[in-house]
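J.: Quick one: structure below, then a few questions.
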Number of protein chains: 2
Amino acid sequence: MANLRDVARKAGVSTATVSRALSDAGPVRPRTRARVLRAARELKYRPNRHARDLRGGRRRTVGLVVSNLENPFFLDKFHYLEQEAVRQGYEVVVESTGYDPHRLTESLEGMLARSLAGLVVSASELDASASETLEGVEIPVVIFMSDVDISLPACTRINVNDATGVQTMVSYLRSLGHLRFGVLGHHTKIGNLKARSALIERALRASGNGVSIASAEVADSPAGGRLGSRILLAAEPRPTAIICLNDHVAIGVLRGIREHGLSVPEDVSVVGFDNIGLSEYTNPSLTTVHVPRDCLGRLAMERILDVGRAAPNEVLLDPQLLVRESTGKAPAVRRSAPE
Amino acid sequence: MANLRDVARKAGVSTATVSRALSDAGPVRPRTRARVLRAARELKYRPNRHARDLRGGRRRTVGLVVSNLENPFFLDKFHYLEQEAVRQGYEVVVESTGYDPHRLTESLEGMLARSLAGLVVSASELDASASETLEGVEIPVVIFMSDVDISLPACTRINVNDATGVQTMVSYLRSLGHLRFGVLGHHTKIGNLKARSALIERALRASGNGVSIASAEVADSPAGGRLGSRILLAAEPRPTAIICLNDHVAIGVLRGIREHGLSVPEDVSVVGFDNIGLSEYTNPSLTTVHVPRDCLGRLAMERILDVGRAAPNEVLLDPQLLVRESTGKAPAVRRSAPE
DNA sequence: TTGAAAGCGCTACCAC
DNA sequence: GTGGTAGCGCTTTCAA
C-alpha cells in the first residue's frame, strides 16, 4: 500500500506538499498540485485512516452503544443519531451488546479507547457496576432511558416518563373491561425494563379488585413473543389482554394467539411499547405506547457539540398511547369451559 | 487523558515495560507488573486505539458495506458475519449506503483506508463504475449477489441462483391459475434488482399466453410496499397476484391490500423474496423465496482468513420457494365490474 | 527483566 | 509556495 512518502517521491515534492495538495489545506501551486494528484492516482494512494486518527485525535466520531440492534427500536436510534451526526459532519460507530452486562462493559471500554467526540448509551442492562466504567470520563455522555446514578462532568440523561405511559395504558385496558392480564417481557430483571414491568404490575393491581396477572419472560424477539403467548394463554384464568414490554415481542404474540386459534382483539387484546414502524403494519395493527426517540439524534448532537450548553442535563419525554386495532372490549365473562 | 508515558512515569518504569505489563506480552517481574497495573488504574489509563491501530496495522477488522440496514435482509448479513468474525477474534465495521452509488463509493473508500483484514460488499447498486474503486485492492474481497465484472487477486463472489428462484415462483403462481400479475420492486434500475425484475417479467411472459403485468417501483420499506399496492390495485385488469422483489416491501403490500378492502390470499396472492424472519410473523404469513445468507459469515471469514485457499472463487447458492399463507388459487374469473 | 529508541503514516508548524 | 521536521501513542526489536 502506497503512502505519502511514495507519492512525494514520485511527484518530486515533500510529504508536506502532498498532504496539503490532497487535503486542499494550505497553498499549493496548481501545477504542483496536478503533479501530486497524478502521482497519487498512479500509485493508487489512499490516505491511512489510522494515521489520520492518531494524528488528528479524531474527534469527529460519536459512539453509540445499544442493547439489541435487531430490535427496530434500537436501530431507529442509530438511524436518527447517524442522520443528525452526518449532517454535522460527524460519523457514528455503533455496537450492540445483546443485553449482556459483560459485553456492555467491553463495548464501553472499546468506545472510550477511541477518543470520541461523545458517547451515547441506550442499554437496558446499564447498571451501577457497568457505569463504573464511565467514571471520570471527560467526553460528553448521553444516557437514554436509564435511571442509574451516574456523576459525570458532562452527562445528559434523556428519560421517558414510563409511569404515565403505563398508567394511561392500564386505564385504557381497564376501561375496556379487562380484568385478566398477561404481562410479557424480556430481560425483566434489568434496568428500565425491570422498572417498567414493576410499574405495569403495580398499576394493574392498583386499578381495582379482581385483577389477575400472569407473567412470563422471554427473548427480545418475535420468536420470544410467540413462545410467551403460548405460556400466557395456558394460564388459568386465561388472560383477555396481553401487555408486552415492547412491540418487537408483541409481533410474535399476535402470531402466537392466532396459532392458538384465538382472535385479536375479539378474544385477546394485545398492546406493546415503543411504536416501532412495523407496529402499524401488523394485522391487526398494534395498539402501543409511543416512546419518542426521533429527538435523540438532535438532542445528543446538541449536547455533544456543546451548542446548547444552556440545555438542561435532564430531559423527560412524554410517551403517548396509540390505540390501533389490536385492542378491544374484554370478551363477555364466561365460566370455565365446561368439561 | 493519561497515556503510556504518564503511567510509566508514575510507576517509575519505561513505557516499554508498561506496554508489556498491560498487554501481557513479554516478561515482566510480578512486582513491577503490579506497580504498573496500579498506576494505570489510578490514572484511569486507557490505551489509545488509534495509536494501536496505526502501530499494529490493525488487521483484525472486517468491513461490510450493504445497501440498507433497515431491511432485515441486510441486517441479517451483518449479524451472521459478525457472529463468525467475533468467534475468530475479529470485529466488523458496517456501513449502509441507502442504495446511493455515490455513498457506496465513499463507503468503499472509507473502508479501504482502514487497512482491513477483508471487505465484504453486498450492495445492489454496485456497478462497474463503483467497482473501479476496488481495482487493485490487495485485501480479500467478498462480493455477495452482484454480477459486476471485477478482477481482483483475491475476490470471492457468492451468488444466488435467481433464475431458478424466479422460475419456481412463477410456475407455482401459474399453477394456481393466476394470469394477472403485479410486480413491485425497489431500485429496479440497478444491479441484481434490475436483473431480478427482468427475470420475473421474462418468466411471466414465457409462462403462457394471456398474462398481464403491471409494475411499479417504490422505496425499500413497508411504507413503499403499501404505496405500491395502491398503485397496482388500481391497474386494469387488477392483478390477482403481486410479486414483490423482497419481503420488506411485501409486508407493506399485505397491509395495503387489506386497506383496499381485499383479502390475502382470497382476492390477491402476495409473494416476496428473501425470507426475512418477519415473513413468518405477518398475517397471513408470507409465501416467499428463501435467499440463503446464513453461510455468508462462514464463507466470508474462510476466504478472508485464507483458510480454504482451496475453496472456489465462485459460490452459487440455491434459493428455495417457501409456500405459506399469502398465496392461494386465483379468484374465479369475472368480467369487469358492471357499471 | 528492563530500557532506549525506532518507527507506523500523517498533519501542522515554522523557516525559507 | 514549498520543505524540513516534530510528534500523535503505541509496540517491538535490540542492548544492557
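Here, A, B, ... name the chains of the C-alpha cells in the order displayed, residue numbers run from 1 inside each chain, and ligands are numbered from 1 in the same displayed order.
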Excluding DT11 (chain C) and any residue of its chain fewer than 3 positions from it, enumerate the residues within 9 Å of it, using only C-alpha atoms (C1' of nucleotides), and give them as a ChimeraX atom specification.

T.: /A:16,19-20,52,55-56

J.: Going by DSSP on the backbone, which residues of region 94-230 of chain B come out as helix (DSSP H, G or I)? List them as JSON, numbers by chain.

T.: {"B": [101, 102, 103, 104, 105, 106, 107, 108, 109, 110, 111, 112, 128, 129, 130, 131, 132, 133, 134, 162, 163, 164, 165, 166, 167, 168, 169, 170, 171, 172, 173, 174, 175, 191, 192, 193, 194, 195, 196, 197, 198, 199, 200, 201, 202, 203, 204, 205, 206, 222, 223, 224, 225, 226, 227, 228, 229, 230]}

J.: Take the selection from the previous step and output its residues with C-alpha atoms, as a PDB file, in the first residue's frame.

T.:
```pdb
ATOM      1  CA  PRO B 101     -23.921   4.767  -5.731  1.00  0.00           C
ATOM      2  CA  HIS B 102     -22.138   7.886  -4.594  1.00  0.00           C
ATOM      3  CA  ARG B 103     -22.312   6.864  -0.974  1.00  0.00           C
ATOM      4  CA  LEU B 104     -21.224   3.394  -1.959  1.00  0.00           C
ATOM      5  CA  THR B 105     -18.030   4.738  -3.441  1.00  0.00           C
ATOM      6  CA  GLU B 106     -17.449   6.823  -0.349  1.00  0.00           C
ATOM      7  CA  SER B 107     -18.038   3.855   1.903  1.00  0.00           C
ATOM      8  CA  LEU B 108     -15.712   1.701  -0.097  1.00  0.00           C
ATOM      9  CA  GLU B 109     -13.025   4.369   0.036  1.00  0.00           C
ATOM     10  CA  GLY B 110     -13.524   4.719   3.756  1.00  0.00           C
ATOM     11  CA  MET B 111     -13.222   1.011   4.246  1.00  0.00           C
ATOM     12  CA  LEU B 112     -10.084   0.723   2.182  1.00  0.00           C
ATOM     13  CA  ALA B 128     -18.895  -1.189 -12.987  1.00  0.00           C
ATOM     14  CA  SER B 129     -18.235   2.412 -12.079  1.00  0.00           C
ATOM     15  CA  ALA B 130     -18.360   1.851  -8.332  1.00  0.00           C
ATOM     16  CA  SER B 131     -16.273  -1.246  -8.613  1.00  0.00           C
ATOM     17  CA  GLU B 132     -13.436   0.766 -10.101  1.00  0.00           C
ATOM     18  CA  THR B 133     -12.780   1.834  -6.560  1.00  0.00           C
ATOM     19  CA  LEU B 134     -11.933  -1.744  -5.775  1.00  0.00           C
ATOM     20  CA  ASP B 162     -32.065 -16.063  -9.003  1.00  0.00           C
ATOM     21  CA  ALA B 163     -33.242 -17.567 -12.255  1.00  0.00           C
ATOM     22  CA  THR B 164     -34.333 -20.796 -10.630  1.00  0.00           C
ATOM     23  CA  GLY B 165     -35.879 -18.985  -7.692  1.00  0.00           C
ATOM     24  CA  VAL B 166     -37.901 -16.808 -10.011  1.00  0.00           C
ATOM     25  CA  GLN B 167     -38.820 -19.705 -12.240  1.00  0.00           C
ATOM     26  CA  THR B 168     -40.069 -21.813  -9.351  1.00  0.00           C
ATOM     27  CA  MET B 169     -42.125 -18.998  -8.024  1.00  0.00           C
ATOM     28  CA  VAL B 170     -43.675 -18.101 -11.336  1.00  0.00           C
ATOM     29  CA  SER B 171     -44.548 -21.721 -12.073  1.00  0.00           C
ATOM     30  CA  TYR B 172     -46.129 -22.018  -8.696  1.00  0.00           C
ATOM     31  CA  LEU B 173     -48.288 -18.944  -9.213  1.00  0.00           C
ATOM     32  CA  ARG B 174     -49.301 -20.059 -12.668  1.00  0.00           C
ATOM     33  CA  SER B 175     -50.273 -23.446 -11.302  1.00  0.00           C
ATOM     34  CA  GLY B 191     -27.630  -4.364 -10.220  1.00  0.00           C
ATOM     35  CA  ASN B 192     -29.179  -7.594  -9.124  1.00  0.00           C
ATOM     36  CA  LEU B 193     -32.547  -5.979  -8.525  1.00  0.00           C
ATOM     37  CA  LYS B 194     -32.745  -4.905 -12.111  1.00  0.00           C
ATOM     38  CA  ALA B 195     -31.796  -8.416 -13.104  1.00  0.00           C
ATOM     39  CA  ARG B 196     -34.373  -9.926 -10.825  1.00  0.00           C
ATOM     40  CA  SER B 197     -37.230  -7.809 -12.114  1.00  0.00           C
ATOM     41  CA  ALA B 198     -36.237  -8.569 -15.669  1.00  0.00           C
ATOM     42  CA  LEU B 199     -36.131 -12.246 -14.816  1.00  0.00           C
ATOM     43  CA  ILE B 200     -39.590 -12.089 -13.306  1.00  0.00           C
ATOM     44  CA  GLU B 201     -41.167 -10.329 -16.249  1.00  0.00           C
ATOM     45  CA  ARG B 202     -39.488 -12.635 -18.686  1.00  0.00           C
ATOM     46  CA  ALA B 203     -40.548 -15.773 -16.830  1.00  0.00           C
ATOM     47  CA  LEU B 204     -44.079 -14.463 -16.585  1.00  0.00           C
ATOM     48  CA  ARG B 205     -44.346 -13.764 -20.289  1.00  0.00           C
ATOM     49  CA  ALA B 206     -42.747 -17.058 -21.158  1.00  0.00           C
ATOM     50  CA  PRO B 222     -43.099  -1.440   4.215  1.00  0.00           C
ATOM     51  CA  ALA B 223     -44.300   2.084   3.505  1.00  0.00           C
ATOM     52  CA  GLY B 224     -43.095   1.672  -0.047  1.00  0.00           C
ATOM     53  CA  GLY B 225     -44.988  -1.575  -0.355  1.00  0.00           C
ATOM     54  CA  ARG B 226     -48.159  -0.040   0.955  1.00  0.00           C
ATOM     55  CA  LEU B 227     -47.960   2.716  -1.600  1.00  0.00           C
ATOM     56  CA  GLY B 228     -47.065   0.281  -4.343  1.00  0.00           C
ATOM     57  CA  SER B 229     -50.046  -1.915  -3.642  1.00  0.00           C
ATOM     58  CA  ARG B 230     -52.327   1.060  -4.121  1.00  0.00           C
TER      59      ARG B 230
END
```

J.: Could you tell me which residues of chain A sit within 7 Å of chain B when counting only C-alpha atoms, and give me the result as a ChimeraX atom specification?

T.: /A:46-51,53-54,113-114,251-252,255,281-283

J.: Any idea which chain D residues end up within 8 Å of chain A if we count only C-alpha atoms (C1' of nucleotides), as a VMD selection string please?

T.: chain D and resid 1 to 3 8 to 9

J.: Could you give me, as a list in words, the residues within 12 Å of Asn313 (chain A), counting only C-alpha atoms (C1' of nucleotides) and dropping anything in the same chain fewer than 5 positions from it?

T.: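 Residues near the query, excluding close chain neighbours: Pro140, Val141, Val142, Ile143, Phe144, Ser151, Leu152, Pro153, Ala154, Cys155, Thr156, Arg157, Ile158, Asn159, Leu299, Ala300, Glu302, Arg303, Ile304, Asp306 and Gly308 of chain A.
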
J.: Please report the interatomic distance between CA of Ala21 (chain A) and C1' of DG9 (chain C) in Å with one decimal.

T.: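 Atom-to-atom, CA of Ala21 (chain A) to C1' of DG9 (chain C), that is 16.1 Å.
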
J.: Which chain C residues have any atom within 7 Å of an atom of chain B, and for each, what is the nearest pair of atoms with distance in Å to one decimal, counting only C-alpha atoms (C1' of nucleotides), rows sorted by chain and number, as a tab-separated table?

T.:
```
residue	atom	partner	partner_atom	distance
C:DT1	C1'	B:Val28	CA	6.2
C:DT2	C1'	B:Thr17	CA	6.9
C:DG3	C1'	B:Ser14	CA	6.1
C:DC8	C1'	B:Arg55	CA	4.5
```
